[in-house]
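Asker: I'm passing along structure.cif; it holds mmCIF, C-alpha atoms.
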```
data_protein
#
loop_
_atom_site.label_atom_id
_atom_site.label_comp_id
_atom_site.auth_asym_id
_atom_site.auth_seq_id
_atom_site.Cartn_x
_atom_site.Cartn_y
_atom_site.Cartn_z
CA MET Y 1 -22.26 13.66 -17.62
CA ALA Y 2 -19.06 15.14 -19.00
CA GLU Y 3 -17.94 14.47 -22.54
CA HIS Y 4 -16.44 11.06 -23.25
CA PRO Y 5 -12.67 11.07 -22.98
CA PRO Y 6 -10.85 10.08 -26.19
CA ARG Y 7 -10.10 6.37 -26.41
CA GLU Y 8 -6.39 7.10 -26.21
CA ASP Y 9 -6.96 8.81 -22.89
CA LEU Y 10 -8.93 5.82 -21.60
CA ILE Y 11 -6.01 3.57 -22.46
CA ALA Y 12 -3.59 5.96 -20.77
CA PHE Y 13 -5.94 6.04 -17.77
CA ALA Y 14 -5.87 2.25 -17.56
CA LEU Y 15 -2.07 2.40 -17.63
CA GLY Y 16 -2.00 5.09 -14.95
CA ALA Y 17 -0.39 7.42 -17.48
CA LEU Y 18 -2.66 10.44 -17.36
CA ASP Y 19 -1.64 13.67 -15.71
CA PRO Y 20 -3.46 14.27 -12.40
CA ASP Y 21 -6.14 16.63 -13.75
CA GLU Y 22 -6.86 14.34 -16.71
CA ASP Y 23 -6.92 11.34 -14.39
CA ARG Y 24 -9.45 13.02 -12.13
CA ARG Y 25 -11.68 13.99 -15.06
CA VAL Y 26 -11.73 10.46 -16.47
CA ASN Y 27 -12.24 8.97 -13.04
CA GLU Y 28 -15.24 11.20 -12.45
CA HIS Y 29 -16.68 10.37 -15.85
CA TRP Y 30 -16.39 6.66 -16.45
CA PRO Y 31 -18.38 5.15 -13.55
CA GLY Y 32 -21.83 4.65 -14.94
CA CYS Y 33 -20.79 5.39 -18.53
CA THR Y 34 -21.51 2.15 -20.37
CA SER Y 35 -19.21 2.72 -23.32
CA CYS Y 36 -16.24 3.83 -21.22
CA GLU Y 37 -16.75 0.98 -18.77
CA ARG Y 38 -16.81 -1.44 -21.70
CA GLU Y 39 -13.58 -0.02 -23.08
CA LEU Y 40 -11.82 -0.12 -19.71
CA THR Y 41 -13.01 -3.66 -19.10
CA ALA Y 42 -11.69 -4.70 -22.51
CA ILE Y 43 -8.26 -3.19 -21.95
CA ALA Y 44 -7.88 -4.47 -18.37
CA PRO Y 45 -6.45 -7.91 -19.29
CA ALA Y 46 -3.76 -6.25 -21.41
CA VAL Y 47 -2.79 -4.04 -18.48
CA ALA Y 48 -2.78 -7.05 -16.16
CA VAL Y 49 -0.35 -8.80 -18.49
CA LEU Y 50 2.18 -6.03 -17.89
CA GLY Y 51 2.16 -6.78 -14.19
CA GLU Y 52 2.62 -10.49 -14.75
CA SER Y 53 5.24 -10.29 -17.46
CA VAL Y 54 8.20 -9.21 -15.36
CA GLU Y 55 11.03 -11.63 -14.63
CA GLN Y 56 9.88 -13.72 -11.72
CA LEU Y 57 11.93 -13.57 -8.54
CA GLU Y 58 11.80 -15.54 -5.37
CA PRO Y 59 10.91 -13.30 -2.43
CA PRO Y 60 13.21 -13.76 0.57
CA PRO Y 61 11.81 -16.09 3.24
CA GLU Y 62 12.19 -13.32 5.83
CA LEU Y 63 9.54 -11.33 4.01
CA LYS Y 64 6.97 -14.03 4.59
CA GLU Y 65 8.04 -14.33 8.21
CA ARG Y 66 7.57 -10.61 8.74
CA VAL Y 67 4.23 -10.41 6.97
CA MET Y 68 2.82 -13.50 8.67
CA ALA Y 69 4.02 -12.32 12.08
CA VAL Y 70 1.94 -9.17 11.67
CA VAL Y 71 -1.01 -11.15 10.32
CA ARG Y 72 -0.98 -13.66 13.18
CA LYS Y 73 -0.61 -10.93 15.76
CA GLU Y 74 -3.51 -8.94 14.35
CA ALA Y 75 -5.66 -12.03 13.91
CA SER Y 76 -5.20 -13.00 17.52
CA ALA Y 77 -5.74 -9.51 18.90
CA PRO Y 78 -8.89 -9.33 21.01
CA THR Y 79 -11.83 -7.59 19.45
CA PRO Y 80 -12.16 -4.14 21.00
CA GLU Y 81 -14.91 -3.80 23.55
CA PRO Y 82 -18.03 -2.01 22.45
CA ARG Y 83 -17.23 1.64 22.34
CA THR Y 84 -20.04 3.15 24.29
CA ARG Y 85 -18.21 5.35 26.73
CA ARG Y 86 -18.44 9.05 26.21
CA ARG Y 87 -16.21 11.77 27.48
CA PRO Y 88 -17.75 15.14 26.95
CA PHE Y 89 -14.45 16.95 27.25
CA ALA Y 90 -12.92 15.13 24.32
CA ARG Y 91 -14.99 15.61 21.25
CA PHE Y 92 -14.69 14.82 17.58
CA VAL Y 93 -16.54 16.78 15.01
CA LEU Y 94 -17.20 14.92 11.80
CA ARG Y 95 -18.18 17.37 9.17
CA PRO Y 96 -18.80 17.32 5.45
CA ALA Y 97 -16.37 19.15 3.27
CA THR Y 98 -17.39 21.08 0.21
CA ALA Y 99 -15.72 20.17 -3.02
CA LEU Y 100 -13.77 23.42 -3.24
CA VAL Y 101 -12.50 23.15 0.29
CA ALA Y 102 -11.70 19.51 -0.27
CA VAL Y 103 -9.61 20.22 -3.31
CA ALA Y 104 -7.73 22.84 -1.36
CA VAL Y 105 -7.13 20.40 1.45
CA ILE Y 106 -5.79 17.79 -0.93
CA ALA Y 107 -3.55 20.28 -2.64
CA ALA Y 108 -2.21 21.31 0.74
CA GLY Y 109 -1.71 17.70 1.63
CA ILE Y 110 0.48 17.07 -1.35
CA GLY Y 111 2.52 20.23 -0.94
CA GLY Y 112 3.00 20.01 2.80
CA TYR Y 113 0.00 19.21 4.88
CA VAL Y 114 -0.63 21.41 7.87
CA ILE Y 115 -3.56 21.11 10.23
CA ALA Y 116 -4.18 22.85 13.47
CA ASN Y 117 -3.07 21.01 16.55
CA ASN Y 118 -5.03 22.14 19.51
CA GLY Y 119 -2.53 20.80 21.97
CA GLY Y 120 -3.70 18.59 24.75
CA GLY Y 121 -3.08 15.10 23.47
CA GLY Y 122 -4.89 13.34 26.29
CA GLU Y 123 -6.29 9.89 25.62
CA THR Y 124 -9.81 9.92 24.33
CA GLU Y 125 -12.52 7.29 24.26
CA THR Y 126 -15.30 9.00 22.54
CA VAL Y 127 -18.35 8.38 20.43
CA ALA Y 128 -19.04 11.25 18.12
CA VAL Y 129 -22.13 11.65 15.97
CA MET Y 130 -22.23 13.62 12.79
CA PRO Y 131 -25.56 14.95 11.58
CA ALA Y 132 -26.27 13.65 8.10
CA THR Y 133 -25.53 16.23 5.45
CA ASN Y 134 -25.85 15.68 1.73
CA GLY Y 135 -27.12 12.24 2.55
CA ILE Y 136 -23.91 11.12 4.24
CA GLY Y 137 -23.73 10.74 7.99
CA GLY Y 138 -22.14 8.61 10.62
CA THR Y 139 -20.18 8.21 13.78
CA LEU Y 140 -16.54 7.94 14.70
CA GLU Y 141 -15.99 5.76 17.73
CA VAL Y 142 -12.61 6.28 19.29
CA ASP Y 143 -10.65 3.87 21.42
CA GLU Y 144 -7.15 4.10 22.74
CA HIS Y 145 -5.62 1.83 20.11
CA SER Y 146 -8.14 1.78 17.30
CA SER Y 147 -11.16 3.75 16.16
CA THR Y 148 -14.16 2.83 14.09
CA LEU Y 149 -15.86 4.90 11.44
CA LYS Y 150 -19.50 3.99 10.82
CA LEU Y 151 -21.09 5.74 7.87
CA GLN Y 152 -24.35 5.68 6.02
CA GLY Y 153 -25.67 7.36 2.91
CA LEU Y 154 -22.60 6.51 0.87
CA GLN Y 155 -22.85 6.32 -2.90
CA GLN Y 156 -22.29 2.93 -4.47
CA LEU Y 157 -18.90 2.34 -6.04
CA THR Y 158 -18.09 1.08 -9.48
CA GLY Y 159 -15.16 -0.75 -10.97
CA SER Y 160 -12.22 -0.92 -8.57
CA GLN Y 161 -13.21 2.15 -6.59
CA VAL Y 162 -12.93 2.15 -2.80
CA TYR Y 163 -13.56 4.62 -0.04
CA GLN Y 164 -10.22 5.38 1.58
CA THR Y 165 -9.61 6.74 5.07
CA TRP Y 166 -6.62 9.00 5.73
CA ILE Y 167 -4.96 10.10 8.95
CA ALA Y 168 -3.35 13.53 8.95
CA LYS Y 169 -1.23 14.82 11.76
CA GLY Y 170 1.26 17.63 11.50
CA GLN Y 171 3.06 17.26 8.19
CA SER Y 172 2.16 13.62 7.93
CA LEU Y 173 -0.65 12.22 5.79
CA GLU Y 174 -0.99 8.44 5.82
CA PRO Y 175 -3.55 6.06 4.34
CA SER Y 176 -5.51 3.97 6.79
CA SER Y 177 -8.18 1.43 5.90
CA SER Y 178 -10.27 1.37 2.77
CA PHE Y 179 -13.77 0.04 2.48
CA VAL Y 180 -16.72 -0.63 0.24
CA PRO Y 181 -20.26 0.19 1.41
CA ASP Y 182 -22.95 -2.45 1.41
CA SER Y 183 -25.95 -2.25 -0.87
CA ASN Y 184 -27.66 0.08 1.62
CA GLY Y 185 -24.81 2.57 1.43
CA THR Y 186 -23.55 1.84 4.94
CA ALA Y 187 -20.02 0.87 5.91
CA THR Y 188 -17.79 0.29 8.92
CA ALA Y 189 -14.07 0.99 8.73
CA SER Y 190 -11.38 0.67 11.34
CA VAL Y 191 -8.87 3.47 11.82
CA ASP Y 192 -5.75 2.05 13.39
CA GLY Y 193 -3.70 3.80 16.01
CA HIS Y 194 -4.30 6.19 18.85
CA LEU Y 195 -5.81 9.42 17.61
CA THR Y 196 -4.48 12.33 19.60
CA SER Y 197 -5.55 15.94 19.69
CA GLY Y 198 -5.04 17.61 16.33
CA THR Y 199 -5.28 14.39 14.35
CA LYS Y 200 -7.57 14.57 11.37
CA VAL Y 201 -9.41 11.61 9.86
CA MET Y 202 -10.62 12.02 6.28
CA VAL Y 203 -12.43 9.93 3.69
CA THR Y 204 -12.04 10.09 -0.08
CA ARG Y 205 -13.35 7.95 -2.89
CA GLU Y 206 -10.36 6.56 -4.77
CA PRO Y 207 -10.25 4.89 -8.19
CA GLU Y 208 -8.69 1.75 -6.72
CA PRO Y 209 -7.17 0.51 -3.46
CA GLY Y 210 -3.53 0.99 -2.65
CA ARG Y 211 -3.21 4.73 -3.17
CA THR Y 212 -0.77 6.34 -0.77
CA THR Y 213 -1.89 9.91 -1.40
CA PRO Y 214 -5.44 11.17 -2.03
CA THR Y 215 -6.37 11.70 -5.64
CA MET Y 216 -10.00 12.69 -5.13
CA PRO Y 217 -11.82 15.33 -3.04
CA VAL Y 218 -12.32 14.76 0.66
CA LEU Y 219 -15.90 13.71 1.40
CA LEU Y 220 -15.74 13.83 5.19
CA SER Y 221 -13.24 14.93 7.76
CA ALA Y 222 -12.97 14.73 11.52
CA THR Y 223 -10.55 16.67 13.69
CA VAL Y 224 -9.74 15.96 17.30
CA ASP Y 225 -10.49 19.02 19.42
CA MET E 1 -10.74 -25.41 7.21
CA THR E 2 -7.38 -27.15 6.89
CA ARG E 3 -4.44 -25.84 4.88
CA THR E 4 -4.97 -28.55 2.29
CA GLU E 5 -8.61 -27.62 1.90
CA LEU E 6 -7.70 -23.95 1.61
CA GLN E 7 -5.10 -24.72 -1.03
CA ARG E 8 -7.80 -26.35 -3.14
CA LEU E 9 -9.92 -23.20 -3.14
CA ALA E 10 -9.94 -20.82 -6.07
CA ASP E 11 -8.64 -17.35 -5.32
CA GLU E 12 -12.12 -15.92 -5.52
CA ASP E 13 -13.32 -18.30 -2.82
CA LEU E 14 -10.25 -17.75 -0.68
CA MET E 15 -10.61 -13.98 -0.41
CA PRO E 16 -13.81 -14.00 1.67
CA LEU E 17 -11.89 -16.07 4.24
CA VAL E 18 -9.07 -13.53 4.19
CA ALA E 19 -11.68 -10.85 4.74
CA ARG E 20 -12.83 -12.76 7.81
CA GLU E 21 -9.25 -12.51 9.09
CA ASP E 22 -8.33 -16.16 8.73
CA PRO E 23 -4.50 -16.13 8.95
CA LEU E 24 -4.19 -19.56 7.33
CA ALA E 25 -6.25 -18.39 4.36
CA PHE E 26 -4.02 -15.35 4.08
CA GLU E 27 -0.94 -17.54 4.15
CA VAL E 28 -2.29 -19.51 1.20
CA PHE E 29 -2.99 -16.21 -0.55
CA TYR E 30 0.58 -15.12 0.25
CA ASP E 31 2.08 -18.31 -1.14
CA ARG E 32 0.18 -17.86 -4.38
CA HIS E 33 0.80 -14.18 -5.05
CA ALA E 34 3.75 -12.87 -3.03
CA GLY E 35 6.25 -13.97 -5.65
CA ALA E 36 4.51 -12.10 -8.45
CA ALA E 37 3.97 -9.12 -6.16
CA TYR E 38 7.63 -8.98 -5.15
CA SER E 39 8.77 -9.42 -8.74
CA LEU E 40 6.65 -6.52 -9.95
CA ALA E 41 7.71 -4.33 -7.04
CA TYR E 42 11.36 -5.07 -7.81
CA ARG E 43 10.84 -4.37 -11.50
CA ILE E 44 9.49 -0.93 -10.63
CA VAL E 45 11.71 0.20 -7.75
CA GLY E 46 14.88 -1.63 -8.77
CA ASN E 47 15.98 -2.36 -5.24
CA ARG E 48 15.41 -5.53 -3.24
CA THR E 49 14.99 -3.89 0.15
CA THR E 50 12.52 -1.34 -1.16
CA ALA E 51 10.73 -4.03 -3.13
CA GLU E 52 10.31 -6.00 0.09
CA ASP E 53 8.88 -2.94 1.82
CA VAL E 54 6.46 -2.26 -1.02
CA THR E 55 5.36 -5.89 -1.12
CA GLN E 56 4.90 -6.03 2.63
CA GLU E 57 2.83 -2.85 2.70
CA ALA E 58 0.68 -3.91 -0.22
CA LEU E 59 -0.02 -7.40 1.12
CA LEU E 60 -0.77 -6.15 4.61
CA SER E 61 -3.17 -3.59 3.17
CA ILE E 62 -4.98 -6.51 1.55
CA TRP E 63 -5.00 -8.43 4.84
CA ARG E 64 -6.43 -5.44 6.67
CA SER E 65 -9.22 -4.86 4.19
CA GLY E 66 -9.70 -8.09 2.30
CA GLU E 67 -13.38 -7.36 1.91
CA ARG E 68 -12.47 -4.88 -0.79
CA TYR E 69 -11.93 -7.57 -3.38
CA ASP E 70 -14.89 -7.99 -5.66
CA ARG E 71 -14.72 -10.79 -8.20
CA ALA E 72 -16.60 -8.58 -10.66
CA ARG E 73 -13.48 -6.43 -10.74
CA GLY E 74 -11.21 -9.05 -12.28
CA SER E 75 -8.84 -11.70 -11.04
CA VAL E 76 -7.28 -11.68 -7.58
CA ARG E 77 -3.84 -11.70 -9.19
CA ALA E 78 -4.55 -8.62 -11.33
CA TRP E 79 -6.14 -6.84 -8.38
CA THR E 80 -3.18 -7.63 -6.15
CA LEU E 81 -0.63 -6.52 -8.72
CA GLY E 82 -2.58 -3.31 -9.26
CA ILE E 83 -2.21 -2.54 -5.56
CA VAL E 84 1.50 -3.36 -5.65
CA ARG E 85 2.03 -1.23 -8.72
CA ASN E 86 0.27 1.77 -7.16
CA ARG E 87 2.32 1.47 -3.98
CA ALA E 88 5.56 1.22 -5.88
CA ILE E 89 4.82 4.10 -8.24
CA ASP E 90 3.64 6.32 -5.39
CA LEU E 91 6.90 5.60 -3.63
CA LEU E 92 8.91 6.52 -6.70
CA ARG E 93 7.00 9.75 -7.08
CA LYS E 94 7.55 10.63 -3.44
CA GLU E 95 11.27 10.18 -3.76
CA ALA E 96 12.07 13.28 -5.73
CA GLY E 97 14.94 12.95 -8.10
CA ARG E 98 14.94 9.20 -8.15
CA SER E 99 14.62 7.74 -11.59
CA PRO E 100 12.55 4.63 -12.01
CA LYS E 101 14.23 1.62 -13.45
CA GLN E 102 13.57 1.57 -17.15
CA ALA E 103 15.19 -1.51 -18.55
CA PHE E 104 14.36 -5.14 -18.08
CA ASP E 105 16.44 -6.81 -15.41
CA SER E 106 19.59 -8.51 -16.50
CA GLN E 107 19.76 -12.18 -15.70
CA GLU E 108 22.58 -11.81 -13.21
CA GLN E 109 20.48 -9.45 -11.14
CA LEU E 110 17.86 -12.02 -10.54
CA GLU E 111 17.58 -14.31 -7.59
CA ARG E 112 17.28 -17.76 -9.01
CA ARG E 113 17.02 -21.22 -7.69
CA PRO E 114 18.15 -24.21 -9.72
CA ALA E 115 15.36 -25.50 -11.89
CA ASP E 116 15.19 -28.81 -10.04
CA GLU E 117 14.41 -26.94 -6.82
CA LEU E 118 11.47 -25.09 -8.28
CA THR E 119 8.07 -26.11 -7.13
CA GLU E 120 5.59 -26.94 -9.83
CA SER E 121 3.60 -23.76 -9.22
CA GLU E 122 6.77 -21.68 -9.18
CA ALA E 123 7.89 -23.15 -12.45
CA LEU E 124 4.46 -22.51 -13.94
CA ARG E 125 4.53 -18.92 -12.73
CA ARG E 126 7.86 -18.33 -14.41
CA GLU E 127 6.80 -20.02 -17.61
CA THR E 128 3.64 -17.92 -17.77
CA ALA E 129 5.66 -14.78 -17.20
CA ARG E 130 8.01 -15.77 -20.02
CA GLU E 131 5.07 -16.26 -22.35
CA VAL E 132 3.45 -12.93 -21.60
CA ARG E 133 6.81 -11.22 -21.77
CA GLY E 134 7.05 -12.52 -25.29
CA VAL E 135 3.81 -10.73 -26.13
CA ILE E 136 5.35 -7.43 -25.10
CA SER E 137 8.71 -8.03 -26.70
CA ASP E 138 6.93 -8.64 -30.00
CA LEU E 139 5.81 -5.03 -30.04
CA PRO E 140 7.73 -2.45 -32.05
CA HIS E 141 10.34 -0.87 -29.81
CA ASP E 142 8.78 2.61 -29.80
CA GLN E 143 5.46 1.17 -28.64
CA SER E 144 6.83 -1.11 -25.94
CA ARG E 145 9.04 1.72 -24.68
CA VAL E 146 6.20 4.17 -23.99
CA ILE E 147 4.12 1.41 -22.38
CA GLN E 148 7.00 0.40 -20.13
CA LEU E 149 7.75 3.99 -19.17
CA ALA E 150 4.12 4.45 -18.23
CA TYR E 151 3.42 1.20 -16.41
CA TYR E 152 6.75 0.42 -14.77
CA GLY E 153 8.14 3.94 -14.60
CA GLY E 154 4.99 5.73 -13.49
CA PHE E 155 5.45 8.48 -16.04
CA SER E 156 2.45 10.27 -17.50
CA HIS E 157 2.08 10.46 -21.26
CA SER E 158 3.02 14.15 -21.22
CA GLU E 159 6.15 13.38 -19.19
CA ILE E 160 7.05 10.65 -21.67
CA ALA E 161 6.52 13.04 -24.59
CA GLU E 162 8.89 15.52 -22.99
CA MET E 163 11.41 12.84 -22.10
CA LEU E 164 11.49 11.43 -25.64
CA ASN E 165 11.11 14.84 -27.26
CA GLU E 166 8.11 13.65 -29.24
CA PRO E 167 4.66 15.24 -29.70
CA LEU E 168 2.10 14.15 -27.10
CA GLY E 169 -0.16 12.87 -29.84
CA THR E 170 2.60 10.55 -31.05
CA ILE E 171 3.05 9.11 -27.57
CA LYS E 172 -0.70 8.60 -27.16
CA GLY E 173 -0.85 6.87 -30.52
CA ARG E 174 2.03 4.52 -29.73
CA MET E 175 0.48 3.67 -26.39
CA ARG E 176 -2.86 2.88 -28.00
CA LEU E 177 -1.35 0.83 -30.82
CA GLY E 178 0.82 -1.16 -28.43
CA MET E 179 -1.98 -1.91 -25.99
CA ASP E 180 -4.30 -2.88 -28.83
CA LYS E 181 -1.70 -5.36 -30.08
CA ILE E 182 -1.27 -6.90 -26.64
CA ARG E 183 -5.02 -7.14 -26.33
CA ALA E 184 -5.28 -8.77 -29.75
CA GLN E 185 -2.56 -11.30 -28.94
CA LEU E 186 -4.27 -12.17 -25.69
CA GLY E 187 -7.43 -12.79 -27.67
CA GLU E 188 -5.47 -15.27 -29.77
CA GLY E 189 -4.17 -16.98 -26.65
CA PHE E 190 -0.69 -15.76 -27.51
#
```
As structure tokens, please, write out the structure in this file.
Answerer:
Amino acid sequence: MAEHPPREDLIAFALGALDPDEDRRVNEHWPGCTSCERELTAIAPAVAVLGESVEQLEPPPELKERVMAVVRKEASAPTPEPRTRRRPFARFVLRPATALVAVAVIAAGIGGYVIANNGGGGETETVAVMPATNGIGGTLEVDEHSSTLKLQGLQQLTGSQVYQTWIAKGQSLEPSSSFVPDSNGTATASVDGHLTSGTKVMVTREPEPGRTTPTMPVLLSATVD
Amino acid sequence: MTRTELQRLADEDLMPLVAREDPLAFEVFYDRHAGAAYSLAYRIVGNRTTAEDVTQEALLSIWRSGERYDRARGSVRAWTLGIVRNRAIDLLRKEAGRSPKQAFDSQEQLERRPADELTESEALRRETAREVRGVISDLPHDQSRVIQLAYYGGFSHSEIAEMLNEPLGTIKGRMRLGMDKIRAQLGEGF
């Protein structure tokens, strides 16, 4: 395990005030480090106070209407049928990414993400299977409007960490769902939207939910052929 | 479960129902936390429309993956505000050249309802915020300033050092001292 970060850096980490490289180092160190976890747990209430101490405003009623309209629509949407159909001509390849490649991908994503688009763009309803590598394996089941990522062999998370899925297409990189594996290291995550040719689905382990850009290396990626 | 029954549940017991995509449970969650979420988003982005967008995105991300909440990770409120803060700061960082808001809101900027129209929970929320704001305002100015620049402005400690033309070590020290004081006051029940 890497050297303990100075206490001042742990406090800055809790405040989200470290520079990206420092943030990554601390985030890779503290899970499983008893003393750092204790320090971060102790400082957490003080950080939470900052969020609660702002002048309290009344959100406009239209905001609730908009949010609840989406919620009710999604809650009433029919559960997708079991995705068992296979189309051999439309194939996903889910492959592990090495750390070095992953870092390069993330760097590219921040500076202007470009992935190959193989053209086509036909609708796909596919079940793809990835051979387990480095203990992580799974399937990506693709439907017209939503896809499902089923993974096993995932490491357990600590603190507020989550696994985050990302959808990359052209210059766009957007967060999709995030998830936490069960005690067996398996997880199911939905990936909203129709995935067309050239779309890439990636998974990273993030320090907490809500990130809108990846901060950690890509663990898995899948590209539509 | 009826709305009344849901309203009696603690946050930690409500979230599993949200995770099971119960829209009524989510509405109760919304009623409890949307105000604080919107207030924090507005404090960070300084614009009502953008604050609405940030709040909407953050709350819908919770709806779509409510199973992520783990009570071992702290309160639902703190977890929710953490998500809102990340969304808002990420947005600020994406918008190159846009300076985060750095001062506390002036009273005239705030949307207010007459006190007699406030619900009990709303009044309590505002009173609690006033109390915890007092904790921060008790800090020496140089300490509260670096903490505010970091938390509400999304600046890193090295960016703050450059901005204030101070050594990085000085900024780190002020941040630590200020957070330790807040922590100590919380321990005393401020």
Asker: Taking only residues of chain E that have an atom at most 7 Å from an atom of chain Y, what is each one's shortest atom pair and its distance in Å to one decimal, using only C-alpha atoms, in chain and number order, as CSV?
Answerer:
```
residue,atom,partner,partner_atom,distance
E:Glu21,CA,Y:Ala75,CA,6.0
E:Pro23,CA,Y:Arg72,CA,6.0
E:Gly35,CA,Y:Pro59,CA,5.7
E:Ala36,CA,Y:Gln56,CA,6.5
E:Tyr38,CA,Y:Pro59,CA,6.1
E:Ser39,CA,Y:Leu57,CA,5.2
E:Leu40,CA,Y:Gly51,CA,6.2
E:Arg43,CA,Y:Val54,CA,6.7
E:Glu52,CA,Y:Leu63,CA,6.7
E:Gln56,CA,Y:Val67,CA,6.2
E:Ala58,CA,Y:Gly210,CA,6.9
E:Leu60,CA,Y:Val67,CA,7.0
E:Ser65,CA,Y:Ser178,CA,6.5
E:Arg68,CA,Y:Phe179,CA,6.0
E:Arg73,CA,Y:Gly159,CA,5.9
E:Ala78,CA,Y:Ala48,CA,5.4
E:Leu81,CA,Y:Gly51,CA,6.1
E:Ile83,CA,Y:Gly210,CA,4.8
E:Asn86,CA,Y:Gly210,CA,5.9
E:Arg87,CA,Y:Gly210,CA,6.0
E:Asp90,CA,Y:Thr212,CA,6.4
E:Leu110,CA,Y:Leu57,CA,6.4
E:Glu111,CA,Y:Leu57,CA,5.8
E:Arg112,CA,Y:Leu57,CA,6.8
E:Arg126,CA,Y:Gln56,CA,5.7
E:Ala129,CA,Y:Ser53,CA,4.5
E:Arg130,CA,Y:Ser53,CA,6.7
E:Val132,CA,Y:Ser53,CA,5.2
E:Arg133,CA,Y:Ser53,CA,4.7
E:Ala150,CA,Y:Ala17,CA,5.5
E:Tyr151,CA,Y:Leu15,CA,5.8
E:Gly154,CA,Y:Ala17,CA,6.9
E:Phe155,CA,Y:Ala17,CA,6.1
E:Ser156,CA,Y:Ala17,CA,4.0
E:His157,CA,Y:Ala17,CA,5.4
E:Lys172,CA,Y:Glu8,CA,6.0
E:Arg176,CA,Y:Glu8,CA,5.8
E:Met179,CA,Y:Ala46,CA,6.6
E:Ile182,CA,Y:Ala46,CA,5.8
E:Arg183,CA,Y:Ala46,CA,5.2
```
Asker: Evaluated on this file, the PyMOL selection byres ((chain E and resi 137) around 12) picks out some residues - which ones are they, written as number ranges by chain?
Answerer: Y: 50, 53-54; E: 104, 130-136, 138-145, 147-148, 178, 181-182, 185
Asker: Between Y:Ala77, Y:Cys36, Y:Pro5, Y:Lys169, which residue has the minimum interatomic distance to Arg24 in chain Y, considering all atoms listed in the file?
Answerer: Y:Pro5
Asker: Between CA of Leu92 in chain E and CA of Ile44 in chain E, measure the distance and give it in Å to one decimal.
Answerer: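 Atom-to-atom, CA of Leu92 in chain E and CA of Ile44 in chain E are spaced 8.4 Å apart.
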Asker: Which value, in Å to one decimal, gives the distance between CA of Arg93 in chain E and CA of Leu168 in chain E?
Answerer: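 About the pair CA of Arg93 in chain E and CA of Leu168 in chain E: they are 21.1 Å apart.
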Asker: So how many Å separate CA of Glu3 in chain Y and CA of Gly173 in chain E, to one decimal?
Answerer: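 Pair CA of Glu3 in chain Y / CA of Gly173 in chain E returns 20.3 Å.
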Asker: Would you pick out the contacts of Met202 in chain Y at 6 Å or less, using only C-alpha atoms, so that residues sharing its chain but fewer than 5 positions from it are not included, and give the list as a list in words?
Answerer: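 Answer for this query is Thr165, Trp166, Leu220 and Ser221 of chain Y.
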Asker: Write the residues you've just listed into a file as an mmCIF file, in the frame of the given file, and include C-alpha atoms for each of them.
Answerer:
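Written file, again_9.cif:
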```
data_model
loop_
_atom_site.group_PDB
_atom_site.id
_atom_site.type_symbol
_atom_site.label_atom_id
_atom_site.label_comp_id
_atom_site.auth_asym_id
_atom_site.auth_seq_id
_atom_site.Cartn_x
_atom_site.Cartn_y
_atom_site.Cartn_z
ATOM 1 C CA THR Y 165 -9.610 6.740 5.070
ATOM 2 C CA TRP Y 166 -6.620 9.000 5.730
ATOM 3 C CA LEU Y 220 -15.740 13.830 5.190
ATOM 4 C CA SER Y 221 -13.240 14.930 7.760
#
```
Asker: On this structure, which residues satisfy the PyMOL selection byres ((chain E and resi 19) around 8), written as number ranges by chain?
Answerer: E: 15-18, 20-22, 63-67
Asker: What would the list of residues within 8 Å of (12.8, 3.0, -1.3) (file frame) look like as number ranges by chain, if all atoms listed in the file are what count?
Answerer: E: 45, 47, 49-51, 53, 91-92, 95
Asker: Which one of E:Lys94, E:Arg85, E:Arg8, E:Arg48 sits closest to Arg32 in chain E if you count all atoms listed in the file?
Answerer: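 Residue with the minimum atom-to-atom distance to Arg32 in chain E: E:Arg8.
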Asker: Quick one: residues within 8 Å of Ile171 in chain E, all atoms listed in the file counted, chain neighbours fewer than 2 positions away excluded, as a list in words?
Answerer: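 Counting only the stated atoms, we get Val146, His157, Ile160, Ala161, Glu166, Pro167, Leu168, Gly169, Gly173, Arg174 and Met175 of chain E.
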